[in-house]
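Shown next, in structure tokens, is the structure this report addresses.
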Amino acid sequence: MKYEELLEEATKNNIYVMEKVDFESNSKGLINNDVIGLSSKLYNDTERICILAEELGHYKTNIGNILNQTLASNRKQENLARMWSYNKLIGLRGIISSYNAGCTNKYEMAEFLNVTVEFLEEAIEKYTDKYGVCTTLDNYVIYFIPNLGVMELI
């Protein structure tokens with residue numbers, strides 16, 4: 001997915017995106033009602049895509065202020081927003097597509113999917129938590145443990 005496509009999705013949802021904001025905190029992105037701010041510390045579109053997707057995930061899945069992450073309910077909402085962003089930018093189909101494109105490691109996958117390696121690793125960790133050792137989709141088995149791998153069923 002391209003950065004411009006996510007900006008377009010934000011616009012369709014009447015969300016204003018402010019780029020290159022200087023935050024007092026170390027946050028890379030924040031959302032307040034229908035305004036998303038992206039940090040000036042984001043150096044490229046790949047980083048911007050990952051942060052913007054997460055903030056859109058907050059818009060789509062969260063209610064209220066969840067900045068206090070010591071509360072279990074806020075951590076749950078944070079995880080919902082992140083999972084939304086992982087599914088938006090990667091998803092099981094993205095893993096299969098990267099396999100079919102010949103990607104052989106997480107660096108090639110991240111580049112193919114236009115996400116950071118860190119974002120991809122976090123997504124795989126969450127998918128592992130959700131699905132366990134493996135899951136199937138269409139004619140493919142996606143293995144998460146011991147290492148990420150895809151096998152096409154014949």
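Ordered as shown in the structure tokens, chains take letters A, B, and onward, while each chain numbers its residues from 1 and ligands are numbered from 1 in the order shown.
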
Please, which residues of chain A, numbered as in this document, come out helix (DSSP H, G or I) from DSSP, as a PyMOL selection string?
-> chain A and resi 3-12+45-61+72-89+91-100+106-113+117-131

6 Å contact set for Tyr143 in chain A, only C-alpha atoms, chain neighbours under 4 positions out, as an MDAnalysis selection string | chainID A and resid 133:134 148:149

Hey, can you check how far CA of Glu19 in chain A sits from CA of Tyr59 in chain A?
-> 17.0 Å

Measuring atom to atom with only C-alpha atoms, identify which of A:Tyr3, A:Lys60, A:Asn44, A:Glu8 is nearest to Lys20 in chain A.
->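 With only C-alpha atoms as the atom set, the closest residue is A:Asn44.
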
Using only C-alpha atoms, which of A:Glu78, A:Asp129, A:Trp84, A:Met151 sits nearest Gly57 in chain A?
->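 For Gly57 in chain A, the nearest of the candidates is A:Trp84.
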
Tell me, counting only C-alpha atoms, for each residue of range 38-101 of chain A within 7 Å of range 108-114 of chain A, which pair of atoms is nearest and how far apart they are in Å to one decimal, in rows ordered by chain and increasing number, as CSV.
residue,atom,partner,partner_atom,distance
A:Thr46,CA,A:Asn114,CA,5.9
A:Ile90,CA,A:Leu113,CA,6.6
A:Gly94,CA,A:Leu113,CA,7.0
A:Ser98,CA,A:Met109,CA,5.7

I need the chosen residues saved as a PDB file, in the first residue's frame, with N, CA, C and O atoms.
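Resulting contents of again-v3.pdb:
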ATOM      1  N   THR A  46       7.770   4.859   4.166  1.00  0.00           N
ATOM      2  CA  THR A  46       7.525   3.543   4.753  1.00  0.00           C
ATOM      3  C   THR A  46       7.197   3.692   6.235  1.00  0.00           C
ATOM      4  O   THR A  46       6.242   3.084   6.733  1.00  0.00           O
ATOM      5  N   ILE A  90      -0.554  -5.693   5.955  1.00  0.00           N
ATOM      6  CA  ILE A  90       0.089  -6.992   5.704  1.00  0.00           C
ATOM      7  C   ILE A  90      -0.969  -8.060   5.499  1.00  0.00           C
ATOM      8  O   ILE A  90      -1.212  -8.478   4.380  1.00  0.00           O
ATOM      9  N   GLY A  94      -1.169 -10.832   2.394  1.00  0.00           N
ATOM     10  CA  GLY A  94       0.097 -10.162   2.096  1.00  0.00           C
ATOM     11  C   GLY A  94       1.284 -11.089   2.295  1.00  0.00           C
ATOM     12  O   GLY A  94       2.245 -11.062   1.517  1.00  0.00           O
ATOM     13  N   SER A  98       3.754 -12.140  -0.724  1.00  0.00           N
ATOM     14  CA  SER A  98       5.209 -11.971  -0.673  1.00  0.00           C
ATOM     15  C   SER A  98       5.917 -13.300  -0.950  1.00  0.00           C
ATOM     16  O   SER A  98       6.945 -13.328  -1.617  1.00  0.00           O
TER      17      SER A  98
END

Name all residues at most 12 Å from Lys130 in chain A (count only C-alpha atoms; drop same-chain ones fewer than 5 positions away) and give them as a list in words.
-> Asn79, Met83, Leu92, Ala123, Ile124, Glu125, Thr135 and Phe144 of chain A

Rounded to one decimal in Å, what is the spacing between CA of Asn147 in chain A and CA of Asn87 in chain A?
->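 We find that CA of Asn147 in chain A and CA of Asn87 in chain A lie 19.5 Å from each other.
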
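Residue-level DSSP output for chain A, from the backbone, shows strand (DSSP E or B) at Tyr16, Val17, Met18, Glu19, Lys20, Val21, Gly29, Leu30, Ile31, Asn32, Val35, Ile36, Gly37, Leu38, Ser39, Cys134, Thr135, Thr136, Leu137, Tyr140, Val141, Ile142, Tyr143, Gly149, Val150, Met151 and Glu152 of chain A.
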
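Our summary of the geometry notes that CA of Ile96 in chain A is positioned 17.0 Å from CA of Phe119 in chain A.
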
Which is closer to Leu67 in chain A than all the others in A:Ser25, A:Thr116, A:Thr136, A:Thr128, using only C-alpha atoms?
->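 Going through A:Ser25, A:Thr116, A:Thr136, A:Thr128 one by one, the smallest distance to Leu67 in chain A is for A:Ser25.
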
With a distance cut-off of 12 Å and only C-alpha atoms, select the neighbouring residues of Gly64 in chain A, excluding the residue or stretch itself and same-chain residues fewer than 5 positions from it, and output the selection as number ranges by chain.
-> A: 31-33, 58-59, 73-74, 77-78

Those residues with N, CA and C atoms, as a PDB file, in the first residue's frame please?
ATOM      1  N   ILE A  31      -3.527  10.668  17.555  1.00  0.00           N
ATOM      2  CA  ILE A  31      -4.823  11.052  16.999  1.00  0.00           C
ATOM      3  C   ILE A  31      -5.640  11.713  18.096  1.00  0.00           C
ATOM      4  N   ASN A  32      -6.329  12.761  17.728  1.00  0.00           N
ATOM      5  CA  ASN A  32      -7.249  13.445  18.626  1.00  0.00           C
ATOM      6  C   ASN A  32      -8.512  13.730  17.829  1.00  0.00           C
ATOM      7  N   ASN A  33      -9.574  12.996  18.165  1.00  0.00           N
ATOM      8  CA  ASN A  33     -10.835  13.086  17.432  1.00  0.00           C
ATOM      9  C   ASN A  33     -10.613  12.773  15.953  1.00  0.00           C
ATOM     10  N   HIS A  58      -6.618   3.357  15.348  1.00  0.00           N
ATOM     11  CA  HIS A  58      -7.197   3.946  16.564  1.00  0.00           C
ATOM     12  C   HIS A  58      -8.538   4.599  16.240  1.00  0.00           C
ATOM     13  N   TYR A  59      -8.590   5.297  15.130  1.00  0.00           N
ATOM     14  CA  TYR A  59      -9.827   5.958  14.718  1.00  0.00           C
ATOM     15  C   TYR A  59     -10.937   4.927  14.505  1.00  0.00           C
ATOM     16  N   SER A  73      -7.840  -1.913  29.984  1.00  0.00           N
ATOM     17  CA  SER A  73      -8.786  -1.591  28.904  1.00  0.00           C
ATOM     18  C   SER A  73      -8.113  -0.742  27.825  1.00  0.00           C
ATOM     19  N   ASN A  74      -7.209   0.135  28.211  1.00  0.00           N
ATOM     20  CA  ASN A  74      -6.491   0.962  27.233  1.00  0.00           C
ATOM     21  C   ASN A  74      -5.481   0.135  26.447  1.00  0.00           C
ATOM     22  N   GLN A  77      -7.370  -1.718  23.804  1.00  0.00           N
ATOM     23  CA  GLN A  77      -7.697  -0.866  22.659  1.00  0.00           C
ATOM     24  C   GLN A  77      -6.466  -0.588  21.805  1.00  0.00           C
ATOM     25  N   GLU A  78      -5.304  -0.438  22.439  1.00  0.00           N
ATOM     26  CA  GLU A  78      -4.056  -0.239  21.693  1.00  0.00           C
ATOM     27  C   GLU A  78      -3.793  -1.453  20.806  1.00  0.00           C
TER      28      GLU A  78
END
